[in-house]
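Visitor: Following this line is protein_13.cif, made up of mmCIF, C-alpha atoms:
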```
data_protein
loop_
_atom_site.group_PDB
_atom_site.id
_atom_site.type_symbol
_atom_site.label_atom_id
_atom_site.label_comp_id
_atom_site.auth_asym_id
_atom_site.auth_seq_id
_atom_site.Cartn_x
_atom_site.Cartn_y
_atom_site.Cartn_z
ATOM 1 C CA MET A 300 13.425 13.452 26.053
ATOM 2 C CA SER A 301 15.151 15.914 23.741
ATOM 3 C CA SER A 302 17.783 13.278 22.907
ATOM 4 C CA ILE A 303 15.075 11.197 21.234
ATOM 5 C CA LEU A 304 14.794 13.721 18.405
ATOM 6 C CA GLY A 305 18.436 13.082 17.562
ATOM 7 C CA MET A 306 17.556 9.450 16.798
ATOM 8 C CA ILE A 307 14.537 10.231 14.597
ATOM 9 C CA ASN A 308 14.387 11.770 11.149
ATOM 10 C CA ILE A 309 11.542 14.222 11.692
ATOM 11 C CA HIS A 310 11.984 15.559 8.129
ATOM 12 C CA TYR A 311 11.001 12.247 6.569
ATOM 13 C CA ARG A 312 8.766 12.656 3.485
ATOM 14 C CA TYR A 313 5.833 10.308 3.865
ATOM 15 C CA GLU A 314 4.308 11.407 0.548
ATOM 16 C CA ASP A 315 7.234 9.907 -1.399
ATOM 17 C CA SER A 316 6.256 6.431 -0.288
ATOM 18 C CA PRO A 317 5.201 4.033 -3.082
ATOM 19 C CA GLY A 318 2.240 3.056 -0.922
ATOM 20 C CA LEU A 319 0.520 6.356 -1.783
ATOM 21 C CA ARG A 320 0.598 5.760 -5.526
ATOM 22 C CA HIS A 321 -2.749 4.008 -5.456
ATOM 23 C CA SER A 322 -6.052 5.861 -5.411
ATOM 24 C CA CYS A 323 -8.638 6.383 -2.711
ATOM 25 C CA GLY A 324 -11.085 3.513 -2.503
ATOM 26 C CA VAL A 325 -14.016 5.882 -1.975
ATOM 27 C CA CYS A 326 -13.589 8.784 -4.407
ATOM 28 C CA GLY A 327 -10.721 7.559 -6.608
ATOM 29 C CA THR A 328 -8.394 10.498 -5.889
ATOM 30 C CA PRO A 329 -4.659 9.590 -6.020
ATOM 31 C CA LEU A 330 -3.450 9.670 -2.424
ATOM 32 C CA ASN A 331 -0.188 11.411 -3.345
ATOM 33 C CA HIS A 332 -2.133 14.255 -4.973
ATOM 34 C CA PRO A 333 -2.254 17.489 -2.928
ATOM 35 C CA ARG A 334 -6.047 17.490 -3.149
ATOM 36 C CA ALA A 335 -6.157 14.189 -1.249
ATOM 37 C CA ARG A 336 -4.962 15.876 1.940
ATOM 38 C CA LYS A 337 -8.320 17.615 2.264
ATOM 39 C CA SER A 338 -10.730 15.335 0.473
ATOM 40 C CA CYS A 339 -9.485 11.828 1.385
ATOM 41 C CA ILE A 340 -6.963 11.612 4.216
ATOM 42 C CA THR A 341 -8.666 11.378 7.643
ATOM 43 C CA ARG A 342 -12.026 11.381 5.826
ATOM 44 C CA HIS A 343 -11.921 8.336 3.576
ATOM 45 C CA THR A 344 -8.600 6.830 4.661
ATOM 46 C CA GLU A 345 -6.541 6.421 7.813
ATOM 47 C CA PRO A 346 -3.099 5.011 8.661
ATOM 48 C CA CYS A 347 -2.443 2.058 10.921
ATOM 49 C CA ILE A 348 -1.203 2.629 14.467
ATOM 50 C CA ALA A 349 2.416 2.252 13.255
ATOM 51 C CA PHE A 350 1.952 4.571 10.227
ATOM 52 C CA HIS A 351 3.099 2.012 7.678
ATOM 53 C CA HIS A 352 3.134 3.066 4.045
ATOM 54 C CA THR A 353 -0.399 1.925 3.296
ATOM 55 C CA LEU A 354 -3.571 3.865 3.993
ATOM 56 C CA PHE A 355 -6.761 1.991 4.821
ATOM 57 C CA ARG A 356 -10.404 2.850 4.757
ATOM 58 C CA VAL A 357 -11.630 4.463 7.943
ATOM 59 C CA GLY A 358 -12.082 1.745 10.542
ATOM 60 C CA ARG A 359 -9.836 -0.787 8.762
ATOM 61 C CA GLY A 360 -6.446 0.300 10.091
ATOM 62 C CA HIS A 361 -6.317 -2.705 12.430
ATOM 63 C CA SER A 362 -5.979 -5.031 9.415
ATOM 64 C CA CYS A 363 -2.405 -3.882 8.691
ATOM 65 C CA GLU A 364 -0.332 -6.996 8.009
ATOM 66 C CA PRO A 365 3.068 -5.564 9.122
ATOM 67 C CA CYS A 366 1.518 -4.443 12.431
ATOM 68 C CA ASN A 367 0.016 -7.864 13.074
ATOM 69 C CA LYS A 368 3.284 -9.562 12.135
ATOM 70 C CA SER A 369 5.252 -7.316 14.480
ATOM 71 C CA ARG A 370 2.833 -8.070 17.299
ATOM 72 C CA GLU A 371 3.142 -11.812 16.683
ATOM 73 C CA MET A 372 6.944 -11.630 16.824
ATOM 74 C CA HIS A 373 6.737 -9.607 20.036
ATOM 75 C CA LEU A 374 4.529 -12.233 21.664
ATOM 76 C CA LYS A 375 6.888 -14.954 20.450
ATOM 77 C CA ARG A 376 9.826 -13.263 22.195
ATOM 78 C CA HIS A 377 7.816 -13.046 25.406
ATOM 79 C CA ARG A 378 6.886 -16.731 25.195
ATOM 80 C CA GLU A 379 10.572 -17.579 24.912
ATOM 81 C CA LEU A 380 11.257 -15.394 27.946
ATOM 82 C CA LEU A 381 8.509 -17.141 29.887
ATOM 83 C CA GLU A 382 10.027 -20.507 29.024
ATOM 84 C CA THR A 383 13.439 -19.352 30.261
ATOM 85 C CA ILE A 384 11.968 -17.938 33.478
ATOM 86 C CA ARG A 385 10.266 -21.250 34.236
ATOM 87 C CA ASP A 386 13.521 -23.076 33.612
ATOM 88 C CA ILE A 387 15.414 -20.818 36.026
ATOM 89 C CA HIS A 388 12.705 -21.074 38.676
ATOM 90 C CA GLY A 389 12.886 -24.843 38.468
ATOM 91 C CA LYS A 390 16.678 -24.978 38.729
ATOM 92 C CA MET A 391 16.837 -22.485 41.602
ATOM 93 C CA GLU A 392 13.787 -24.038 43.312
ATOM 94 C CA LEU A 393 12.202 -20.634 43.834
ATOM 95 C CA LYS A 394 8.931 -20.292 45.718
ATOM 96 C CA THR A 395 7.911 -17.000 44.109
ATOM 97 C CA PRO A 396 5.089 -17.194 41.541
ATOM 98 C CA ILE A 397 6.001 -17.218 37.871
ATOM 99 C CA PRO A 398 4.613 -14.173 36.009
ATOM 100 C CA SER A 399 2.082 -14.661 33.252
ATOM 101 C CA LEU A 400 2.582 -13.679 29.630
ATOM 102 C CA SER A 401 0.767 -10.357 30.010
ATOM 103 C CA GLN A 402 2.628 -9.595 33.241
ATOM 104 C CA ILE A 403 5.967 -10.134 31.501
ATOM 105 C CA GLU A 404 5.154 -7.366 29.032
ATOM 106 C CA GLU A 405 4.304 -4.961 31.834
ATOM 107 C CA LEU A 406 7.373 -5.859 33.902
ATOM 108 C CA ILE A 407 9.739 -5.329 30.967
ATOM 109 C CA HIS A 408 8.226 -2.342 29.164
ATOM 110 C CA GLY A 409 6.098 -0.740 31.863
ATOM 111 C CA TYR A 410 2.775 -1.093 30.034
ATOM 112 C CA ARG A 411 0.479 -3.617 28.395
ATOM 113 C CA HIS A 412 -0.159 -3.272 24.699
ATOM 114 C CA GLU A 413 -3.725 -4.515 25.043
ATOM 115 C CA ASN A 414 -4.513 -1.602 27.375
ATOM 116 C CA LEU A 415 -3.340 1.012 24.873
ATOM 117 C CA GLY A 416 -5.901 0.247 22.189
ATOM 118 C CA ALA A 417 -6.071 2.989 19.563
ATOM 119 C CA ASN A 418 -5.386 5.846 22.003
ATOM 120 C CA ARG A 419 -2.844 7.924 20.088
ATOM 121 C CA THR A 420 -1.558 9.766 23.156
ATOM 122 C CA ALA A 421 -0.984 6.519 25.071
ATOM 123 C CA LEU A 422 0.735 4.953 22.057
ATOM 124 C CA ASP A 423 3.065 7.935 21.687
ATOM 125 C CA ARG A 424 4.027 7.810 25.356
ATOM 126 C CA ALA A 425 4.654 4.071 25.098
ATOM 127 C CA MET A 426 7.023 4.584 22.158
ATOM 128 C CA ILE A 427 8.891 7.316 24.022
ATOM 129 C CA ARG A 428 9.209 4.966 26.993
ATOM 130 C CA ASP A 429 10.612 2.224 24.736
ATOM 131 C CA VAL A 430 13.375 4.521 23.491
ATOM 132 C CA GLU A 431 14.183 5.778 26.990
ATOM 133 C CA ARG A 432 14.365 2.201 28.279
ATOM 134 C CA ARG A 433 16.822 1.324 25.528
ATOM 135 C CA GLU A 434 18.930 4.354 26.469
ATOM 136 C CA LYS A 435 18.958 3.121 30.051
ATOM 137 C CA LEU A 436 20.175 -0.247 28.834
ATOM 138 C CA SER A 437 23.112 1.315 26.975
ATOM 139 C CA ALA A 438 24.050 4.793 25.801
ATOM 140 C CA ASP A 439 25.319 3.424 22.478
ATOM 141 C CA MET A 440 22.149 3.046 20.412
ATOM 142 C CA ASP A 441 23.941 1.677 17.352
ATOM 143 C CA ARG A 442 25.299 -1.452 19.030
ATOM 144 C CA ARG A 443 23.520 -4.053 21.067
ATOM 145 C CA PRO A 444 24.913 -4.037 24.636
ATOM 146 C CA PRO A 445 26.422 -7.145 26.234
ATOM 147 C CA ALA A 446 23.847 -9.409 27.828
ATOM 148 C CA THR A 447 25.090 -9.930 31.383
ATOM 149 C CA MET A 448 23.732 -9.463 34.867
ATOM 150 C CA ASP A 449 26.240 -6.666 35.352
ATOM 151 C CA ASN A 450 23.742 -4.392 33.621
ATOM 152 C CA GLU A 451 21.626 -2.533 36.155
ATOM 153 C CA LEU A 452 18.429 -2.619 34.079
ATOM 154 C CA LEU A 453 18.687 -6.363 33.477
ATOM 155 C CA ARG A 454 19.194 -7.013 37.196
ATOM 156 C CA GLU A 455 16.169 -4.853 37.962
ATOM 157 C CA ILE A 456 13.949 -6.746 35.506
ATOM 158 C CA ALA A 457 15.220 -10.143 36.690
ATOM 159 C CA LYS A 458 14.405 -9.150 40.257
ATOM 160 C CA LYS A 459 10.819 -8.448 39.192
ATOM 161 C CA PHE A 460 10.732 -12.006 37.855
ATOM 162 C CA GLY A 461 11.809 -13.239 41.283
ATOM 163 C CA ILE A 462 15.343 -14.084 40.093
ATOM 164 C CA ILE A 463 18.180 -12.773 42.266
ATOM 165 C CA VAL A 464 21.680 -13.851 41.301
ATOM 166 C CA LYS A 465 24.192 -14.106 44.151
ATOM 167 C CA GLY A 466 27.509 -15.880 44.446
ATOM 168 C CA LYS A 467 28.791 -18.598 42.163
ATOM 169 C CA LEU A 468 26.170 -20.497 40.187
ATOM 170 C CA PRO A 469 26.224 -23.962 38.615
ATOM 171 C CA LYS A 470 27.166 -24.076 34.966
ATOM 172 C CA ASP A 471 23.728 -25.080 33.708
ATOM 173 C CA LEU A 472 22.146 -22.232 35.690
ATOM 174 C CA GLN A 473 24.700 -19.784 34.302
ATOM 175 C CA VAL A 474 23.670 -20.804 30.794
ATOM 176 C CA SER A 475 20.005 -20.177 31.615
ATOM 177 C CA ILE A 476 20.785 -16.780 33.171
ATOM 178 C CA LEU A 477 22.802 -15.809 30.094
ATOM 179 C CA ARG A 478 19.945 -16.897 27.834
ATOM 180 C CA LEU A 479 17.531 -14.774 29.879
ATOM 181 C CA CYS A 480 19.751 -11.691 29.535
ATOM 182 C CA GLU A 481 20.176 -12.195 25.791
ATOM 183 C CA ARG A 482 16.445 -12.481 25.232
ATOM 184 C CA LEU A 483 15.751 -9.423 27.367
ATOM 185 C CA VAL A 484 18.268 -7.343 25.435
ATOM 186 C CA LYS A 485 16.879 -8.560 22.117
ATOM 187 C CA ASP A 486 13.311 -7.706 23.100
ATOM 188 C CA ILE A 487 14.126 -4.220 24.404
ATOM 189 C CA ASP A 488 16.391 -3.369 21.465
ATOM 190 C CA THR A 489 13.955 -4.635 18.823
ATOM 191 C CA LEU A 490 11.010 -2.761 20.288
ATOM 192 C CA CYS A 491 13.075 0.419 20.516
ATOM 193 C CA ASN A 492 14.025 0.201 16.832
ATOM 194 C CA GLU A 493 10.395 -0.345 15.858
ATOM 195 C CA SER A 494 9.309 2.650 17.941
ATOM 196 C CA ARG A 495 11.941 4.869 16.344
ATOM 197 C CA GLU A 496 10.831 3.854 12.859
ATOM 198 C CA THR A 497 7.184 4.380 13.788
ATOM 199 C CA MET A 498 7.848 7.892 15.086
ATOM 200 C CA LYS A 499 9.798 8.702 11.927
ATOM 201 C CA ARG A 500 6.853 7.684 9.746
ATOM 202 C CA GLN A 501 4.472 9.434 12.124
ATOM 203 C CA PHE A 502 6.326 12.737 11.786
ATOM 204 C CA GLY A 503 6.356 12.319 8.006
ATOM 205 C CA TYR A 504 2.634 11.577 7.881
ATOM 206 C CA TYR A 505 1.773 14.539 10.094
ATOM 207 C CA ARG A 506 4.013 16.832 8.059
ATOM 208 C CA TYR A 507 2.126 15.785 4.933
ATOM 209 C CA ALA A 508 -1.447 15.534 6.209
ATOM 210 C CA ASP A 509 -1.791 17.166 9.646
ATOM 211 C CA LYS A 510 0.684 19.886 10.606
ATOM 212 C CA ARG A 511 -1.129 20.664 13.823
ATOM 213 C CA SER A 512 -0.577 17.097 15.080
ATOM 214 C CA PHE A 513 3.064 17.384 13.987
ATOM 215 C CA ASN A 514 3.568 20.329 16.327
ATOM 216 C CA VAL A 515 1.722 18.572 19.160
ATOM 217 C CA LEU A 516 3.955 15.497 18.872
ATOM 218 C CA LEU A 517 7.079 17.638 18.658
ATOM 219 C CA ARG A 518 6.161 19.542 21.825
ATOM 220 C CA ARG A 519 5.373 16.260 23.572
ATOM 221 C CA ILE A 520 8.884 14.979 22.911
ATOM 222 C CA ASP A 521 10.781 18.246 23.321
ATOM 223 C CA PRO A 522 8.810 21.227 24.684
ATOM 224 C CA ASN A 523 11.796 23.548 24.192
ATOM 225 C CA ASN A 524 12.163 22.887 20.470
ATOM 226 C CA THR A 525 10.622 25.772 18.542
ATOM 227 C CA GLU A 526 12.844 25.700 15.467
ATOM 228 C CA ASP A 527 11.210 22.650 13.900
ATOM 229 C CA LEU A 528 7.612 23.739 14.497
ATOM 230 C CA LEU A 529 5.616 24.002 11.283
ATOM 231 C CA GLU A 530 3.802 27.143 10.286
ATOM 232 C CA ILE A 531 0.088 26.519 9.910
ATOM 233 C CA THR A 532 -1.750 28.576 7.312
ATOM 234 C CA ASP A 533 -5.441 29.445 7.329
ATOM 235 C CA ASP A 534 -6.231 26.604 4.931
ATOM 236 C CA GLU A 535 -4.409 24.083 7.123
ATOM 237 C CA GLY A 536 -5.328 25.438 10.533
ATOM 238 C CA GLY A 537 -8.959 24.468 10.622
ATOM 239 C CA ASN A 538 -11.827 22.945 8.757
ATOM 240 C CA ASP A 539 -13.320 26.153 7.391
ATOM 241 C CA GLY A 540 -12.706 25.235 3.796
ATOM 242 C CA ASP A 541 -13.828 21.691 4.422
ATOM 243 C CA ASP A 542 -17.059 22.878 5.979
ATOM 244 C CA ASP A 543 -17.800 24.950 2.872
ATOM 245 C CA GLU A 544 -17.280 21.890 0.719
ATOM 246 C CA ASP A 545 -19.611 19.924 2.965
ATOM 247 C CA ASP A 546 -22.280 22.601 2.618
ATOM 248 C CA GLU A 547 -21.974 22.483 -1.168
ATOM 249 C CA ASP A 548 -22.251 18.702 -1.167
ATOM 250 C CA ASP A 549 -25.301 18.859 1.077
ATOM 251 C CA ALA A 550 -26.921 21.423 -1.222
ATOM 252 C CA ARG A 551 -26.468 19.119 -4.219
ATOM 253 C CA GLN A 552 -28.116 16.183 -2.510
ATOM 254 C CA PRO A 553 -31.935 15.903 -2.723
ATOM 255 C CA ALA A 554 -33.987 16.654 0.330
ATOM 256 C CA PRO A 555 -34.877 13.622 2.445
ATOM 257 C CA PRO A 556 -38.455 12.326 2.177
ATOM 258 C CA PRO A 557 -40.926 13.525 4.814
ATOM 259 C CA PRO A 558 -41.502 11.232 7.792
ATOM 260 C CA PRO A 559 -44.549 8.951 7.684
ATOM 261 C CA PRO A 560 -47.698 10.296 9.372
ATOM 262 C CA LYS A 561 -48.283 9.288 12.952
ATOM 263 C CA ARG A 562 -51.266 7.183 13.955
ATOM 264 C CA ASN A 563 -53.992 8.716 16.095
ATOM 265 C CA SER A 564 -54.992 7.677 19.591
ATOM 266 C CA ARG A 565 -57.276 4.893 18.271
ATOM 267 C CA ASN A 566 -54.384 3.378 16.344
ATOM 268 C CA ARG A 567 -56.149 4.048 13.050
ATOM 269 C CA PRO A 568 -54.350 5.431 10.044
ATOM 270 C CA PRO A 569 -55.390 8.911 8.951
ATOM 271 C CA SER A 570 -57.284 9.537 5.736
ATOM 272 C CA ARG A 571 -55.816 11.520 2.904
ATOM 273 C CA THR A 572 -57.699 13.197 0.067
ATOM 274 C CA THR A 573 -56.547 13.151 -3.548
ATOM 275 C CA GLY A 574 -58.828 15.264 -5.717
ATOM 276 C CA PRO A 575 -62.518 14.407 -5.388
ATOM 277 C CA MET A 576 -61.807 10.925 -4.075
ATOM 278 C CA THR A 577 -60.974 10.081 -0.457
ATOM 279 C CA ILE A 578 -58.509 7.231 0.132
ATOM 280 C CA THR A 579 -58.402 5.501 3.491
ATOM 281 C CA ILE A 580 -55.509 3.175 4.336
ATOM 282 C CA VAL A 581 -56.917 0.156 6.123
ATOM 283 C CA PRO A 582 -54.488 -2.071 8.007
ATOM 284 C CA ASN A 583 -54.678 -5.828 7.945
ATOM 285 C CA ALA A 584 -57.508 -6.937 10.218
ATOM 286 C CA PRO A 585 -59.163 -10.280 10.963
ATOM 287 C CA ARG A 586 -62.086 -11.302 8.724
ATOM 288 C CA ASP A 587 -65.536 -10.359 9.982
ATOM 289 C CA GLY A 588 -67.897 -13.313 10.389
ATOM 290 C CA PRO A 589 -67.252 -17.030 10.219
ATOM 291 C CA LEU A 590 -64.848 -18.555 7.746
ATOM 292 C CA PRO A 591 -66.275 -20.563 4.800
ATOM 293 C CA PRO A 592 -66.624 -24.272 5.498
ATOM 294 C CA ARG A 593 -63.733 -26.465 4.507
ATOM 295 C CA THR A 594 -64.172 -29.489 2.263
ATOM 296 C CA PRO A 595 -64.018 -32.584 4.479
ATOM 297 C CA ASN A 596 -61.193 -35.003 3.902
ATOM 298 C CA HIS A 597 -61.887 -38.563 2.787
ATOM 299 C CA PRO A 598 -61.668 -41.226 5.477
ATOM 300 C CA ILE A 599 -58.485 -43.210 5.636
ATOM 301 C CA GLY A 600 -60.108 -46.450 4.445
ATOM 302 C CA THR A 601 -61.835 -44.928 1.388
ATOM 303 C CA PRO A 602 -60.514 -46.559 -1.820
ATOM 304 C CA LEU A 603 -59.164 -44.232 -4.438
ATOM 305 C CA ILE A 604 -61.050 -43.933 -7.744
ATOM 306 C CA ARG A 605 -58.873 -44.558 -10.723
ATOM 307 C CA LYS A 606 -58.987 -42.293 -13.723
ATOM 308 C CA GLU A 607 -60.195 -45.128 -15.993
ATOM 309 C CA ASP A 608 -63.152 -45.912 -13.696
ATOM 310 C CA ARG A 609 -64.130 -42.252 -13.597
ATOM 311 C CA GLU A 610 -64.195 -42.125 -17.413
ATOM 312 C CA GLU A 611 -66.331 -45.310 -17.613
ATOM 313 C CA GLU A 612 -68.883 -43.851 -15.202
ATOM 314 C CA ARG A 613 -69.069 -40.751 -17.353
ATOM 315 C CA TYR A 614 -70.198 -42.791 -20.381
#
```
Here is a file; write its structure as structure tokens.

Guide:
Amino acid sequence: MSSILGMINIHYRYEDSPGLRHSCGVCGTPLNHPRARKSCITRHTEPCIAFHHTLFRVGRGHSCEPCNKSREMHLKRHRELLETIRDIHGKMELKTPIPSLSQIEELIHGYRHENLGANRTALDRAMIRDVERREKLSADMDRRPPATMDNELLREIAKKFGIIVKGKLPKDLQVSILRLCERLVKDIDTLCNESRETMKRQFGYYRYADKRSFNVLLRRIDPNNTEDLLEITDDEGGNDGDDDEDDEDDARQPAPPPPPPKRNSRNRPPSRTTGPMTITIVPNAPRDGPLPPRTPNHPIGTPLIRKEDREEERY
């Protein structure tokens, strides 16, 4: 995995991004200010899973528009692959079952994105696997390899789809096989490029906000690389300074009100004394004794008395 570092700019400066020029939505601190690394980042804000140049409030990283757009395009490529696989199965009259959309992702990339969730370790391993799979497709990472069944990886993936190419094929089937190879190469190459860009931004973010995570990610990719490890000072190594700030903030806040008194065994509220007068809190209870009689309603056939007639009777 050491060759992966040669494809990634681990010295990328995340803090130079224009996305950090806005202020924190909680405390108003500019996110590119050095103070924001302790007071805002990972406390008030968080990045998305692809570390795009926009920080979100904690718990809102899933609303990243570039991430959602990338996921939609990935699913679109897999739908096109599924359409091609069905076409080939129909032309070759294969009896093997056609994989589903979620199975296609696992057969090509070796994992399902929906199973990763927000697990950072699983996401990092998936990105490393994407780059390694692209290296297996072709050693030249700058050019897209030819899409033919002569490629060992493409033959292996097609075999998982139940497609085995032998001998001379009809022309229309050759076109479908070529289309399948082109779409496989496009999907693997595109995902590899996205993973490389994500790891570049991830290294830049960790260098700026979390040096300890930077070293962990670097050791995960290349355990033998000790030259690029960052030196962690006392202020950056732990949360000692942050805990002191928390204690000061807690001291400034007023004490919480005392809990309400508990009721006794008879479910009656206790009495409290204020000066010479005793106050007893009485809960709502049903009225003692019978209710006052209600005024009877007039029968349905009773004629109504007009206002003029009532005034005449008065005089």

Visitor: Within 8 Å of region 321-326 of chain A, counting only C-alpha atoms, which residues qualify if same-chain residues fewer than 3 places away don't, as a PyMOL selection string?

Guide: chain A and resi 318+329-330+339+343-344+356

Visitor: Using the chain letters and numbering of this document, enumerate as number ranges by chain the residues selected by the PyMOL selection byres ((chain A and resi 399) around 12).

Guide: A: 377-378, 380-382, 384-385, 396-398, 400-406, 460

Visitor: Report the residues retrieved by the PyMOL selection byres ((chain A and resi 349) around 7) from the displayed file, expressed as an MDAnalysis selection string.

Guide: chainID A and resid 347:348 350:351 366 497

Visitor: Around all the atoms of region 413-416 of chain A listed in the file, with 8 Å of room on each side, what axis-aligned box do you get, giving centre and edge lengths in Å to one decimal, as JSON?

Guide:
```
{"center_x": -4.6, "center_y": -1.8, "center_z": 24.8, "size_x": 18.6, "size_y": 21.5, "size_z": 21.2}
```

Visitor: Show me, as a ChimeraX atom specification, the residues that have an atom within 10 Å of Met440 (chain A) when counting all atoms listed in the file, minus same-chain residues fewer than 2 positions from it.

Guide: /A:306,430,433-434,436-438,442-444,488,491-492

Visitor: List as a VMD selection string the protein and nucleic acid residues near Ile427 (chain A), meaning an atom at most 8 Å away when all atoms listed in the file are counted, but skip any in the same chain fewer than 3 places from it.

Guide: chain A and resid 300 303 423 to 424 430 to 431 494 520

Visitor: List the neighbours of Glu345 (chain A) out to 6 Å using only C-alpha atoms; skip same-chain residues closer than 6 positions along the sequence, and give me the result as a PyMOL selection string.

Guide: chain A and resi 354-355+357

Visitor: Kindly save the residues from that selection, with C-alpha atoms included, as a compact mmCIF listing (two decimals), in the frame of the given file.

Guide:
```
# COMPACT_ATOMS: atom_id res chain seq x y z
CA LEU A 354 -3.57 3.86 3.99
CA PHE A 355 -6.76 1.99 4.82
CA VAL A 357 -11.63 4.46 7.94
```

Visitor: Work out how far apart CA of Lys390 (chain A) and CA of Glu451 (chain A) are and give it in Å to one decimal.

Guide: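 If I compute the distance from CA of Lys390 (chain A) to CA of Glu451 (chain A), I get 23.1 Å.
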
Visitor: To test your reading of the syntax: which residues would the PyMOL selection byres ((chain A and resi 311) around 10) return for the file shown? Reply as a PyMOL selection string.

Guide: chain A and resi 307-310+312-315+499-504+506-507

Visitor: Calculate how many Å separate CA of Asp386 (chain A) from CA of Ile462 (chain A), rounding to one decimal.

Guide: 11.2 Å

Visitor: Calculate how many Å separate CA of Ser362 (chain A) from CA of Arg342 (chain A), rounding to one decimal.

Guide: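 Pair CA of Ser362 (chain A) / CA of Arg342 (chain A) returns 17.9 Å.
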
Visitor: Go through A:Arg432, A:Arg334, A:His388, A:Lys375 one by one, measure the shortest atom-to-atom distance of each to Ala457 (chain A) using all atoms listed in the file, and give the residue with the smallest value.

Guide: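 Answer, going by the shortest atom-to-atom distance: A:His388.
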
Visitor: Tell me which of A:Ala421, A:Met372, A:Ile487, A:Ile463 sits closest to His408 (chain A), counting only C-alpha atoms.

Guide: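 Closest residue, counting only C-alpha atoms: A:Ile487.
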
Visitor: Pick the closest to Ile531 (chain A) from A:Glu496, A:Ser512, A:Arg519, A:Leu472: which is it, counting all atoms listed in the file?

Guide: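 For Ile531 (chain A), the nearest of the given residues is A:Ser512.
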
Visitor: Kindly output region 359-374 of chain A as a JSON list (two decimals), in the frame of the given file, after building N, CA and C atoms.

Guide:
```
[["chain", "number", "residue", "atom", "x", "y", "z"],
["A", 359, "ARG", "N", -10.50, 0.44, 9.18],
["A", 359, "ARG", "CA", -9.84, -0.79, 8.76],
["A", 359, "ARG", "C", -8.34, -0.76, 9.03],
["A", 360, "GLY", "N", -7.87, 0.21, 9.82],
["A", 360, "GLY", "CA", -6.45, 0.30, 10.09],
["A", 360, "GLY", "C", -5.91, -0.87, 10.88],
["A", 361, "HIS", "N", -6.77, -1.57, 11.63],
["A", 361, "HIS", "CA", -6.32, -2.70, 12.43],
["A", 361, "HIS", "C", -5.94, -3.91, 11.58],
["A", 362, "SER", "N", -6.28, -3.90, 10.29],
["A", 362, "SER", "CA", -5.98, -5.03, 9.41],
["A", 362, "SER", "C", -4.60, -4.94, 8.78],
["A", 363, "CYS", "N", -3.75, -4.04, 9.26],
["A", 363, "CYS", "CA", -2.40, -3.88, 8.69],
["A", 363, "CYS", "C", -1.59, -5.15, 8.94],
["A", 364, "GLU", "N", -1.08, -5.75, 7.88],
["A", 364, "GLU", "CA", -0.33, -7.00, 8.01],
["A", 364, "GLU", "C", 1.01, -6.80, 8.71],
["A", 365, "PRO", "N", 1.81, -5.75, 8.38],
["A", 365, "PRO", "CA", 3.07, -5.56, 9.12],
["A", 365, "PRO", "C", 2.85, -5.35, 10.62],
["A", 366, "CYS", "N", 1.79, -4.64, 11.00],
["A", 366, "CYS", "CA", 1.52, -4.44, 12.43],
["A", 366, "CYS", "C", 1.21, -5.77, 13.11],
["A", 367, "ASN", "N", 0.36, -6.57, 12.48],
["A", 367, "ASN", "CA", 0.02, -7.86, 13.07],
["A", 367, "ASN", "C", 1.23, -8.79, 13.14],
["A", 368, "LYS", "N", 2.08, -8.73, 12.12],
["A", 368, "LYS", "CA", 3.28, -9.56, 12.14],
["A", 368, "LYS", "C", 4.24, -9.13, 13.24],
["A", 369, "SER", "N", 4.39, -7.82, 13.41],
["A", 369, "SER", "CA", 5.25, -7.32, 14.48],
["A", 369, "SER", "C", 4.73, -7.72, 15.85],
["A", 370, "ARG", "N", 3.42, -7.67, 16.01],
["A", 370, "ARG", "CA", 2.83, -8.07, 17.30],
["A", 370, "ARG", "C", 3.03, -9.56, 17.56],
["A", 371, "GLU", "N", 2.92, -10.38, 16.52],
["A", 371, "GLU", "CA", 3.14, -11.81, 16.68],
["A", 371, "GLU", "C", 4.59, -12.11, 17.09],
["A", 372, "MET", "N", 5.54, -11.42, 16.47],
["A", 372, "MET", "CA", 6.94, -11.63, 16.82],
["A", 372, "MET", "C", 7.23, -11.16, 18.25],
["A", 373, "HIS", "N", 6.56, -10.08, 18.67],
["A", 373, "HIS", "CA", 6.74, -9.61, 20.04],
["A", 373, "HIS", "C", 6.22, -10.64, 21.04],
["A", 374, "LEU", "N", 5.07, -11.20, 20.78],
["A", 374, "LEU", "CA", 4.53, -12.23, 21.66],
["A", 374, "LEU", "C", 5.41, -13.48, 21.66]]
```
